[in-house]
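Text of upload14.cif, listed as mmCIF, C-alpha atoms:
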```cif
data_protein
#
loop_
_atom_site.label_atom_id
_atom_site.label_comp_id
_atom_site.auth_asym_id
_atom_site.auth_seq_id
_atom_site.Cartn_x
_atom_site.Cartn_y
_atom_site.Cartn_z
CA MET A 497 35.40 61.68 -17.10
CA ILE A 498 37.40 58.51 -16.73
CA ALA A 499 37.16 58.89 -12.96
CA SER A 500 33.37 59.16 -13.10
CA VAL A 501 33.17 56.08 -15.38
CA LYS A 502 35.34 54.23 -12.91
CA LYS A 503 33.09 55.30 -10.03
CA SER A 504 29.99 54.14 -11.96
CA LEU A 505 31.56 50.79 -12.73
CA ILE A 506 32.60 50.28 -9.11
CA PHE A 507 29.07 51.17 -8.00
CA LEU A 508 27.61 48.70 -10.53
CA LEU A 509 30.01 46.03 -9.36
CA LEU A 510 29.02 46.67 -5.77
CA VAL A 511 25.32 46.39 -6.64
CA LEU A 512 25.91 43.09 -8.47
CA VAL A 513 27.87 41.66 -5.57
CA ILE A 514 25.10 42.67 -3.12
CA ILE A 515 22.43 41.09 -5.36
CA PHE A 516 24.53 37.95 -5.65
CA VAL A 517 24.93 37.67 -1.89
CA LEU A 518 21.21 38.35 -1.23
CA GLN A 519 20.23 35.66 -3.74
CA LYS A 520 22.58 33.20 -2.09
CA ILE A 521 20.93 33.73 1.31
CA ASN A 522 17.44 33.65 -0.36
CA TRP A 523 16.54 37.21 0.52
CA LEU A 524 16.00 37.86 -3.19
CA PRO A 525 14.61 35.41 -5.79
CA SER A 526 17.02 34.39 -8.53
CA PHE A 527 16.60 36.09 -11.89
CA ARG A 528 15.04 32.94 -13.30
CA ASN A 529 12.53 32.70 -10.43
CA VAL A 530 11.30 36.33 -10.52
CA PHE A 531 8.79 35.51 -13.24
CA LYS A 532 8.27 31.92 -12.22
CA SER A 533 4.69 30.99 -11.41
CA GLN A 534 4.35 29.97 -7.74
CA PRO A 535 2.96 26.44 -7.26
CA VAL A 536 -0.48 26.15 -5.69
CA VAL A 537 -0.30 24.23 -2.42
CA ILE A 538 -3.40 22.84 -0.73
CA ASP A 539 -4.15 23.53 2.92
CA LYS A 540 -3.68 20.76 5.47
CA THR A 541 -7.21 19.62 6.26
CA PRO A 542 -8.25 16.66 8.41
CA VAL A 543 -8.86 13.19 7.04
CA ILE A 544 -12.27 11.94 8.21
CA ILE A 545 -12.97 8.23 8.52
CA LYS A 546 -16.29 7.46 6.90
CA GLU A 547 -16.33 3.67 7.11
CA ILE A 548 -14.20 0.79 8.43
CA LYS A 549 -14.40 -2.64 6.83
CA SER A 550 -12.85 -5.96 7.78
CA LEU A 551 -11.41 -7.89 4.86
CA ALA A 552 -9.69 -11.16 4.13
CA LYS A 553 -8.59 -10.75 0.53
CA LEU A 554 -5.54 -12.49 -0.81
CA LEU A 555 -3.89 -10.18 -3.35
CA THR A 556 -1.97 -12.42 -5.71
CA VAL A 557 -1.32 -10.63 -8.99
CA THR A 558 -0.96 -7.00 -10.00
CA TYR A 559 -1.01 -5.70 -13.57
CA THR A 560 0.45 -2.26 -14.29
CA ASP A 561 -0.30 -0.41 -17.51
CA GLU A 562 -0.42 3.05 -19.09
CA VAL A 563 -3.20 4.13 -21.45
CA ALA A 564 -3.93 7.31 -23.39
CA MET A 565 -7.50 8.36 -24.21
CA ASP A 566 -8.80 11.37 -26.08
CA THR A 567 -12.05 13.09 -26.77
CA ALA A 568 -13.07 16.11 -28.81
CA LYS A 569 -16.04 18.41 -29.19
CA PRO A 570 -16.92 21.30 -31.47
CA SER A 571 -15.98 24.68 -30.13
CA PHE A 572 -16.68 28.30 -30.99
CA GLY A 573 -13.20 29.05 -32.26
CA MET A 574 -11.97 29.72 -35.80
CA PRO A 575 -12.46 26.88 -38.29
CA SER A 576 -9.35 25.53 -39.94
CA PHE A 577 -8.30 24.02 -43.23
CA VAL A 578 -7.25 20.39 -43.10
CA PRO A 579 -5.46 18.66 -46.00
CA PHE A 580 -7.74 16.08 -47.66
CA SER A 581 -7.19 14.15 -50.91
CA GLY A 582 -4.88 16.66 -52.50
CA SER A 583 -6.86 19.71 -51.49
CA SER A 584 -8.14 21.14 -48.23
CA ILE A 585 -11.46 21.03 -46.47
CA LEU A 586 -12.83 23.44 -43.94
CA THR A 587 -13.37 21.80 -40.56
CA PRO A 588 -15.07 23.35 -37.57
CA ALA A 589 -12.95 24.32 -34.61
CA MET A 590 -12.58 21.49 -32.10
CA ASP A 591 -11.77 21.39 -28.41
CA GLN A 592 -9.58 18.46 -27.59
CA LEU A 593 -8.73 16.62 -24.40
CA VAL A 594 -6.05 13.93 -24.19
CA ILE A 595 -5.37 12.20 -20.88
CA ILE A 596 -2.71 9.60 -20.09
CA GLY A 597 -3.45 7.33 -17.16
CA LYS A 598 -1.06 4.97 -15.41
CA GLY A 599 -2.65 2.48 -13.06
CA LYS A 600 -2.73 -1.03 -11.77
CA VAL A 601 -5.21 -3.87 -11.59
CA ILE A 602 -5.13 -6.10 -8.52
CA ALA A 603 -6.54 -9.60 -8.71
CA GLY A 604 -6.90 -12.11 -5.97
CA THR A 605 -9.16 -14.30 -3.89
CA ASP A 606 -11.74 -13.27 -1.34
CA LEU A 607 -11.08 -15.72 1.47
CA THR A 608 -14.24 -14.74 3.37
CA ARG A 609 -16.09 -16.72 0.73
CA ILE A 610 -14.46 -19.97 1.91
CA GLY A 611 -17.43 -21.84 3.31
CA LYS A 612 -17.48 -24.06 6.39
CA ASP A 613 -17.65 -27.14 4.19
CA ALA A 614 -14.83 -25.97 1.99
CA VAL A 615 -12.10 -27.17 4.38
CA VAL A 616 -11.92 -30.93 5.03
CA THR A 617 -9.13 -32.37 7.19
CA SER A 618 -8.13 -35.95 7.99
CA ASP A 619 -4.98 -36.61 10.05
CA ASP A 620 -2.22 -35.00 8.00
CA SER A 621 -4.38 -34.45 4.92
CA ILE A 622 -6.38 -31.43 4.03
CA HIS A 623 -8.55 -30.43 1.11
CA VAL A 624 -9.60 -26.81 0.52
CA ILE A 625 -11.99 -25.39 -2.05
CA LEU A 626 -10.93 -21.85 -2.81
CA PRO A 627 -13.25 -19.29 -4.41
CA ALA A 628 -12.25 -18.28 -7.92
CA ALA A 629 -10.03 -15.23 -8.30
CA THR A 630 -11.62 -11.93 -9.26
CA ILE A 631 -10.47 -8.43 -10.09
CA LEU A 632 -10.39 -6.79 -6.66
CA GLU A 633 -9.45 -3.23 -7.67
CA THR A 634 -8.42 -1.15 -10.64
CA ILE A 635 -6.50 1.80 -9.29
CA VAL A 636 -5.73 4.98 -11.22
CA ASN A 637 -5.09 7.73 -8.69
CA PRO A 638 -4.79 11.47 -9.39
CA SER A 639 -0.99 11.13 -9.33
CA GLY A 640 -1.32 8.60 -12.17
CA PHE A 641 -3.13 10.96 -14.53
CA GLU A 642 -1.41 13.38 -16.87
CA THR A 643 -3.34 15.87 -18.97
CA PHE A 644 -1.40 15.82 -22.22
CA ILE A 645 -3.59 18.18 -24.26
CA GLU A 646 -6.41 20.36 -22.97
CA HIS A 647 -7.73 22.72 -25.64
CA GLY A 648 -10.92 24.54 -24.77
CA THR A 649 -13.09 24.33 -21.69
CA TRP A 650 -14.03 20.90 -20.39
CA SER A 651 -16.67 20.23 -17.75
CA GLU A 652 -15.85 18.18 -14.66
CA ALA A 653 -18.24 15.45 -15.85
CA ALA A 654 -16.52 15.15 -19.23
CA VAL A 655 -13.07 14.84 -17.65
CA ILE A 656 -14.33 12.21 -15.18
CA ALA A 657 -15.99 10.25 -18.00
CA LEU A 658 -12.70 10.14 -19.93
CA LYS A 659 -10.78 9.03 -16.82
CA ILE A 660 -13.29 6.22 -16.27
CA LYS A 661 -12.67 5.11 -19.88
CA VAL A 662 -8.94 5.03 -19.11
CA ARG A 663 -9.60 2.83 -16.07
CA GLU A 664 -11.84 0.49 -18.04
CA ALA A 665 -9.22 0.19 -20.79
CA ILE A 666 -6.56 -0.82 -18.25
CA THR A 667 -8.93 -3.41 -16.73
CA LYS A 668 -9.68 -4.87 -20.17
CA ARG A 669 -5.98 -5.15 -20.97
CA ALA A 670 -5.46 -6.98 -17.68
CA PHE A 671 -8.15 -9.48 -18.64
CA ASP A 672 -6.53 -9.96 -22.05
CA GLN A 673 -3.21 -10.74 -20.31
CA GLY A 674 -4.86 -13.60 -18.40
CA ILE A 675 -4.69 -11.99 -14.98
CA LEU A 676 -7.44 -14.16 -13.47
CA GLN A 677 -5.80 -17.43 -14.47
CA GLN A 678 -2.50 -16.28 -13.05
CA ALA A 679 -4.24 -15.09 -9.87
CA ASN A 680 -5.85 -18.51 -9.40
CA ASN A 681 -2.52 -20.27 -9.87
CA ARG A 682 -0.83 -17.94 -7.44
CA SER A 683 -3.56 -18.39 -4.79
CA LEU A 684 -3.16 -22.15 -5.06
CA SER A 685 0.57 -21.82 -4.57
CA ILE A 686 0.36 -19.48 -1.57
CA ILE A 687 -2.28 -21.49 0.29
CA LYS A 688 -0.38 -24.71 -0.42
CA ILE A 689 2.80 -23.29 1.10
CA PHE A 690 0.90 -22.01 4.12
CA LEU A 691 -0.81 -25.36 4.71
CA SER A 692 2.48 -27.19 4.25
CA ASN A 693 4.08 -24.96 6.88
CA THR A 694 1.25 -25.79 9.29
CA GLY A 695 2.15 -29.47 9.13
CA PHE A 696 -0.07 -31.01 6.46
CA LYS A 697 1.64 -33.58 4.26
CA LYS A 698 -1.12 -34.26 1.74
CA ILE A 699 -2.69 -31.07 0.44
CA GLY A 700 -5.45 -30.81 -2.09
CA ILE A 701 -6.70 -27.43 -3.27
CA THR A 702 -9.30 -26.82 -5.92
CA ILE A 703 -10.79 -23.65 -7.31
CA ALA A 704 -14.57 -23.38 -7.07
CA ASP A 705 -16.31 -23.34 -10.42
CA GLN A 706 -16.90 -19.77 -11.54
CA SER A 707 -19.54 -20.57 -14.21
CA PRO A 708 -23.12 -19.60 -13.30
CA MET B 702 42.91 47.26 -16.70
CA ARG B 703 42.81 45.12 -13.55
CA LEU B 704 39.59 46.81 -12.58
CA TYR B 705 37.99 45.94 -15.94
CA PHE B 706 38.98 42.28 -15.58
CA LEU B 707 37.62 42.28 -12.05
CA ILE B 708 34.27 43.70 -13.26
CA ILE B 709 34.00 41.19 -16.09
CA PHE B 710 34.88 38.34 -13.74
CA SER B 711 32.25 39.48 -11.21
CA LEU B 712 29.59 39.70 -13.90
CA ILE B 713 30.38 36.21 -15.13
CA ALA B 714 30.39 34.88 -11.55
CA ALA B 715 27.01 36.50 -10.82
CA LEU B 716 25.50 35.02 -13.97
CA PHE B 717 26.96 31.60 -13.20
CA PHE B 718 25.62 31.42 -9.67
CA SER B 719 22.21 32.89 -10.50
CA CYS B 720 21.55 30.29 -13.16
CA LYS B 721 20.62 27.36 -10.99
CA SER B 722 20.24 24.19 -12.93
CA ASN B 723 17.30 22.27 -11.61
CA LYS B 724 18.05 18.88 -12.91
CA GLU B 725 15.20 16.60 -12.15
CA THR B 726 16.33 13.24 -11.06
CA SER B 727 15.31 10.85 -13.76
CA LYS B 728 12.56 8.53 -12.66
CA ILE B 729 13.09 4.87 -13.08
CA ASP B 730 10.11 3.70 -15.10
CA GLU B 731 8.10 1.03 -13.39
CA ILE B 732 8.03 -2.15 -15.38
CA LEU B 733 4.57 -2.54 -16.88
CA GLY B 734 2.81 -5.88 -16.94
CA LEU B 735 1.92 -8.72 -14.63
CA LYS B 736 3.65 -9.18 -11.29
CA ASN B 737 3.06 -11.76 -8.56
CA MET B 738 2.13 -10.71 -5.02
CA SER B 739 1.37 -12.47 -1.73
CA GLU B 740 -0.47 -9.95 0.41
CA LEU B 741 -3.42 -10.51 2.69
CA ALA B 742 -5.62 -7.42 2.92
CA THR B 743 -7.46 -7.32 6.22
CA ALA B 744 -8.70 -3.77 6.76
CA GLU B 745 -10.20 -1.07 4.57
CA TYR B 746 -10.80 2.51 5.65
CA VAL B 747 -13.00 4.73 3.54
CA VAL B 748 -11.95 8.32 4.23
CA THR B 749 -13.01 11.74 3.05
CA LYS B 750 -11.00 14.93 2.80
CA ILE B 751 -11.62 18.52 1.75
CA ILE B 752 -9.12 19.97 -0.74
CA LYS B 753 -8.75 23.71 -0.24
CA ALA B 754 -6.44 25.84 -2.38
CA SER B 755 -5.85 29.51 -3.19
CA ASP B 756 -3.77 30.69 -6.14
CA ASP B 757 -2.70 34.15 -4.98
CA LYS B 758 1.07 33.90 -4.55
CA THR B 759 2.27 34.92 -8.04
CA TRP B 760 2.81 38.70 -7.95
CA TYR B 761 2.36 39.44 -11.66
CA LYS B 762 -0.99 37.62 -12.03
CA VAL B 763 -3.89 40.02 -11.58
CA GLY B 764 -6.63 38.63 -9.34
CA ASP B 765 -6.91 35.47 -7.26
CA ARG B 766 -8.63 32.18 -7.70
CA LYS B 767 -9.78 29.68 -5.11
CA ILE B 768 -11.10 26.16 -5.30
CA LEU B 769 -12.75 23.78 -2.87
CA MET B 770 -13.02 20.08 -3.71
CA SER B 771 -14.14 17.04 -1.78
CA CYS B 772 -12.58 13.62 -2.25
CA GLN B 773 -13.12 10.12 -0.99
CA ALA B 774 -10.42 7.45 -0.88
CA SER B 775 -10.11 3.83 0.20
CA LEU B 776 -7.07 2.78 2.19
CA VAL B 777 -6.36 -0.94 2.36
CA ALA B 778 -3.86 -2.43 4.78
CA GLY B 779 -2.73 -5.95 5.47
CA ILE B 780 0.23 -8.26 5.87
CA ASP B 781 2.78 -9.53 3.40
CA LEU B 782 2.62 -13.30 3.47
CA SER B 783 5.85 -13.65 1.52
CA GLN B 784 7.60 -12.64 4.76
CA LEU B 785 6.03 -15.59 6.59
CA ASN B 786 8.54 -18.44 6.73
CA ALA B 787 8.42 -21.99 8.07
CA LYS B 788 10.39 -20.86 11.13
CA ASP B 789 7.58 -18.44 12.01
CA ILE B 790 5.16 -21.35 12.51
CA ARG B 791 5.73 -23.73 15.45
CA ILE B 792 3.46 -26.75 15.84
CA ASN B 793 3.13 -29.06 18.80
CA GLU B 794 0.28 -31.56 18.35
CA ASP B 795 -2.90 -29.46 18.56
CA ASN B 796 -1.04 -26.29 19.46
CA VAL B 797 0.30 -23.82 16.99
CA LYS B 798 2.23 -20.59 17.44
CA ILE B 799 2.52 -18.26 14.48
CA THR B 800 4.47 -15.00 14.19
CA LEU B 801 3.00 -12.70 11.58
CA PRO B 802 4.75 -9.78 9.89
CA HIS B 803 3.53 -6.31 10.81
CA ALA B 804 0.79 -4.76 8.73
CA LYS B 805 1.50 -2.12 6.12
CA LEU B 806 -0.49 0.04 3.73
CA LEU B 807 -1.10 -2.06 0.61
CA TYR B 808 -2.76 0.54 -1.58
CA LEU B 809 -4.77 3.73 -1.72
CA ASN B 810 -7.56 4.08 -4.25
CA MET B 811 -8.94 7.53 -5.07
CA LYS B 812 -11.43 7.14 -7.90
CA PRO B 813 -11.93 10.13 -10.23
CA GLU B 814 -15.71 10.00 -9.77
CA ASN B 815 -15.20 10.51 -6.02
CA ILE B 816 -13.37 13.83 -6.50
CA LYS B 817 -15.88 16.65 -6.83
CA ILE B 818 -15.59 20.40 -7.18
CA VAL B 819 -17.64 21.98 -4.41
CA TYR B 820 -16.86 25.64 -5.01
CA GLN B 821 -14.69 27.70 -7.36
CA ASP B 822 -14.06 31.45 -7.30
CA VAL B 823 -12.07 32.91 -10.19
CA ALA B 824 -11.20 36.59 -10.67
CA LEU B 825 -11.98 38.37 -13.94
CA PHE B 826 -8.48 38.15 -15.44
CA ARG B 827 -7.79 34.54 -14.40
CA ASN B 828 -8.76 31.22 -15.95
CA GLU B 829 -10.57 28.44 -14.16
CA PHE B 830 -8.50 25.60 -12.75
CA SER B 831 -7.77 23.21 -15.62
CA ALA B 832 -8.10 19.43 -15.44
CA GLY B 833 -4.32 19.11 -15.06
CA GLU B 834 -4.21 21.65 -12.23
CA ARG B 835 -7.06 19.91 -10.41
CA ASP B 836 -5.18 16.60 -10.72
CA GLN B 837 -2.10 18.20 -9.15
CA LEU B 838 -4.18 19.43 -6.21
CA ALA B 839 -5.78 16.00 -5.81
CA SER B 840 -2.29 14.42 -5.94
CA GLN B 841 -1.29 16.56 -2.99
CA ALA B 842 -4.40 15.36 -1.13
CA GLU B 843 -3.49 11.77 -2.01
CA LYS B 844 -0.05 12.30 -0.47
CA GLN B 845 -1.49 13.91 2.68
CA ILE B 846 -3.89 10.98 3.16
CA THR B 847 -1.02 8.49 2.80
CA GLU B 848 1.03 10.40 5.37
CA SER B 849 -1.83 10.30 7.88
CA ILE B 850 -2.22 6.53 8.12
CA ASP B 851 -0.45 6.33 11.48
CA SER B 852 -2.96 8.70 13.07
CA LEU B 853 -5.90 6.85 11.49
CA GLY B 854 -4.95 3.56 13.18
CA ILE B 855 -5.54 1.45 10.09
CA LEU B 856 -2.39 -0.62 10.65
CA VAL B 857 -3.48 -1.61 14.15
CA THR B 858 -6.91 -2.58 12.80
CA ALA B 859 -5.27 -4.58 10.01
CA GLU B 860 -3.11 -6.52 12.45
CA THR B 861 -6.08 -7.25 14.72
CA ASN B 862 -8.14 -8.48 11.77
CA ALA B 863 -5.23 -10.53 10.43
CA ALA B 864 -4.92 -12.29 13.79
CA ILE B 865 -8.68 -12.98 13.87
CA PHE B 866 -8.70 -14.38 10.34
CA ILE B 867 -5.62 -16.59 10.74
CA ASN B 868 -7.02 -17.85 14.06
CA SER B 869 -10.28 -18.79 12.37
CA PHE B 870 -8.46 -20.45 9.46
CA LEU B 871 -6.25 -22.51 11.76
CA GLN B 872 -9.28 -23.56 13.82
CA LYS B 873 -10.85 -24.95 10.64
CA GLN B 874 -7.66 -26.97 10.15
CA GLY B 875 -8.21 -28.60 13.54
CA PHE B 876 -5.84 -26.73 15.85
CA LYS B 877 -7.18 -26.26 19.37
CA ASN B 878 -4.72 -23.80 20.92
CA ILE B 879 -3.60 -21.01 18.64
CA TYR B 880 -1.11 -18.29 19.63
CA ILE B 881 -0.58 -15.41 17.26
CA ASP B 882 1.90 -12.61 17.67
CA PHE B 883 3.74 -10.17 15.42
CA SER B 884 7.41 -9.98 14.59
CA PRO B 885 9.42 -7.64 16.83
CA VAL B 886 10.81 -5.70 13.83
CA LYS B 887 8.35 -3.25 12.22
CA ASN B 888 8.25 -3.39 8.39
CA ASN B 889 8.73 -0.26 6.27
CA GLN B 890 5.35 1.00 5.21
CA GLN B 891 4.64 0.84 1.52
#
```

Could I get this structure in the form of structure tokens?
Amino acid sequence: MIASVKKSLIFLLLVLVIIFVLQKINWLPSFRNVFKSQPVVIDKTPVIIKEIKSLAKLLTVTYTDEVAMDTAKPSFGMPSFVPFSGSSILTPAMDQLVIIGKGKVIAGTDLTRIGKDAVVTSDDSIHVILPAATILETIVNPSGFETFIEHGTWSEAAVIALKIKVREAITKRAFDQGILQQANNRSLSIIKIFLSNTGFKKIGITIADQSP
Amino acid sequence: MRLYFLIIFSLIAALFFSCKSNKETSKIDEILGLKNMSELATAEYVVTKIIKASDDKTWYKVGDRKILMSCQASLVAGIDLSQLNAKDIRINEDNVKITLPHAKLLYLNMKPENIKIVYQDVALFRNEFSAGERDQLASQAEKQITESIDSLGILVTAETNAAIFINSFLQKQGFKNIYIDFSPVKNNQQ
């Protein structure tokens, strides 16, 4: 009996060693990975150029922020009791969607709007009227979104609407931080340095009036 | 007795080596807020891409699901003016020679309203792709688009446009002969 137990243990040991070696050379998944969900990988498809544009935009300030937005709608699930003023009230079941978006706002000056009369030179003096800075882009890419809570079924339109709210919130925060004023100041500084490097001694730069 | 110790040791060794610790490298959080830049964007490419994915690799999940999405993205490239120094600009009366830095990708913008589900096929025992899963697929597309900028030629276009714009700007300043070239060392793409 002891001999047969010994044989069984040796066999078990042999099996374990073989499994260990096969896992090491990736012929077998590890015990943790056997029930691991395989990631979905997209196929490599071509990138098609739809349009090509020429630009001359001076990007002077970027504002990075992270915003969370949520929305809810009634669902067909079980209602629940919610504590209210010492007792409980019955509330309908709600589907909830919470998205966190991290993005950036880029402000700067569109130099194509510098008119012919906006640059006046005289010997070593130059005066330039720059267009006022504007928000050029607010970027929140798919890699910047995180779905924090997704209870229930949400249509594509509803998810897109919430993501647009996230983008608008980031843009508003950028405005509140004074991004346009800083962009104007930065444009002045950059153009001044450039003109100074091209040999002008007296440099005057003004920002065109933005008011309608 | 030795055999028992050997068995116990082998079991412990097998458990130790099968438990791989996948430590994710901690990400350094980007500092939020305002930051100055000095980049001149000179070319924008609007591109489209089809996102095709099948979720049929997990053996214990009964049934497959497929999704087809279309996306549109804007790629903007230009030059970094902070790399332009006084020594890169040589002036001789009405002549000027300027050496510009090479163009790089400044940003990619993939708006959520430009990502659309074209087709979705979900088996009976599977759930539809959630918003989070669709974002992960679109993130992969975003990465593939970024990796394809060399083949698209956007950097060459950006450099050509940068030369045209700087030439025009210097002409307005009164220079007659303008020579523009690019630095011999290529910048790292952003």

Would you mind telling me which residue in B:Asp765, B:Asp789, B:Glu834, B:Glu860 lies nearest to Val777 in chain B when using all atoms listed in the file?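 Ranked by minimum distance to Val777 in chain B, first place goes to B:Glu860.
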
Have a look at A:Thr560, A:Thr702, A:Gln519, A:Ser639 and name the one nearest to Ala603 in chain A; count only C-alpha atoms.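 Among the listed residues, A:Thr560 lies closest to Ala603 in chain A.
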
By how many Å are CA of Leu555 in chain A and CA of Thr630 in chain A apart?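 Computing it gives 9.9 Å between the two atoms.
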
Given the file shown, determine the residues that the PyMOL selection byres ((chain A and resi 561) around 8) selects; report them as JSON, numbers by chain. {"A": [559, 560, 562, 563, 598, 599, 600, 666], "B": [733, 734]}

What does the PyMOL selection byres ((chain A) within 7 of (chain B)) select in this file, as a ChimeraX atom specification? /A:509,516,526-527,533-534,536-539,541-561,615,617,635-639,642-643,656,659,693-694

Can I get the selected residues back with C-alpha atoms, as a short mmCIF file (atom, residue, chain, number, x, y, z; two decimals), keeping the file's coordinate frame?
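Writing the result to out_14.cif gives the following:
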```cif
data_model
loop_
_atom_site.label_atom_id
_atom_site.label_comp_id
_atom_site.auth_asym_id
_atom_site.auth_seq_id
_atom_site.Cartn_x
_atom_site.Cartn_y
_atom_site.Cartn_z
CA LEU A 509 30.01 46.03 -9.36
CA PHE A 516 24.53 37.95 -5.65
CA SER A 526 17.02 34.39 -8.53
CA PHE A 527 16.60 36.09 -11.89
CA SER A 533 4.69 30.99 -11.41
CA GLN A 534 4.35 29.97 -7.74
CA VAL A 536 -0.48 26.15 -5.69
CA VAL A 537 -0.30 24.23 -2.42
CA ILE A 538 -3.40 22.84 -0.73
CA ASP A 539 -4.15 23.53 2.92
CA THR A 541 -7.21 19.62 6.26
CA PRO A 542 -8.25 16.66 8.41
CA VAL A 543 -8.86 13.19 7.04
CA ILE A 544 -12.27 11.94 8.21
CA ILE A 545 -12.97 8.23 8.52
CA LYS A 546 -16.29 7.46 6.90
CA GLU A 547 -16.33 3.67 7.11
CA ILE A 548 -14.20 0.79 8.43
CA LYS A 549 -14.40 -2.64 6.83
CA SER A 550 -12.85 -5.96 7.78
CA LEU A 551 -11.41 -7.89 4.86
CA ALA A 552 -9.69 -11.16 4.13
CA LYS A 553 -8.59 -10.75 0.53
CA LEU A 554 -5.54 -12.49 -0.81
CA LEU A 555 -3.89 -10.18 -3.35
CA THR A 556 -1.97 -12.42 -5.71
CA VAL A 557 -1.32 -10.63 -8.99
CA THR A 558 -0.96 -7.00 -10.00
CA TYR A 559 -1.01 -5.70 -13.57
CA THR A 560 0.45 -2.26 -14.29
CA ASP A 561 -0.30 -0.41 -17.51
CA VAL A 615 -12.10 -27.17 4.38
CA THR A 617 -9.13 -32.37 7.19
CA ILE A 635 -6.50 1.80 -9.29
CA VAL A 636 -5.73 4.98 -11.22
CA ASN A 637 -5.09 7.73 -8.69
CA PRO A 638 -4.79 11.47 -9.39
CA SER A 639 -0.99 11.13 -9.33
CA GLU A 642 -1.41 13.38 -16.87
CA THR A 643 -3.34 15.87 -18.97
CA ILE A 656 -14.33 12.21 -15.18
CA LYS A 659 -10.78 9.03 -16.82
CA ASN A 693 4.08 -24.96 6.88
CA THR A 694 1.25 -25.79 9.29
#
```

At what distance in Å, to one decimal, does CA of Leu691 in chain A lie from CA of Asp619 in chain A?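 It comes out at 13.1 Å.
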
Taking into account all atoms listed in the file, which residue in the set A:Val594, A:Ile515, A:Leu510, A:Ala589 is nearest to Ala654 in chain A?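 Of A:Val594, A:Ile515, A:Leu510, A:Ala589, the one nearest Ala654 in chain A is A:Val594, counting all atoms listed in the file.
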
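Interatomic distance, CA of Ile622 in chain A against CA of Lys877 in chain B: 16.2 Å.
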
Residues picked by the PyMOL selection byres ((chain B and resi 826) around 8) here, as number ranges by chain? B: 763-764, 824-825, 827-828

Selection: 10 Å around Thr567 in chain A, only C-alpha atoms, excl. self and same-chain fewer than 3 positions, as a PyMOL selection string: chain A and resi 590-595+646+654-655+658

Given all atoms listed in the file as the counted atoms, nearest of A:Ile701, A:Ala628, A:Leu512, A:Val501 to Ile689 in chain A: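 Comparing A:Ile701, A:Ala628, A:Leu512, A:Val501 against Ile689 in chain A, the winner is A:Ile701.
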
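Minimum distance to Thr800 in chain B across B:Gly854, B:Cys772, B:Asn878, B:Ala864 (counting all atoms listed in the file) occurs at B:Ala864.
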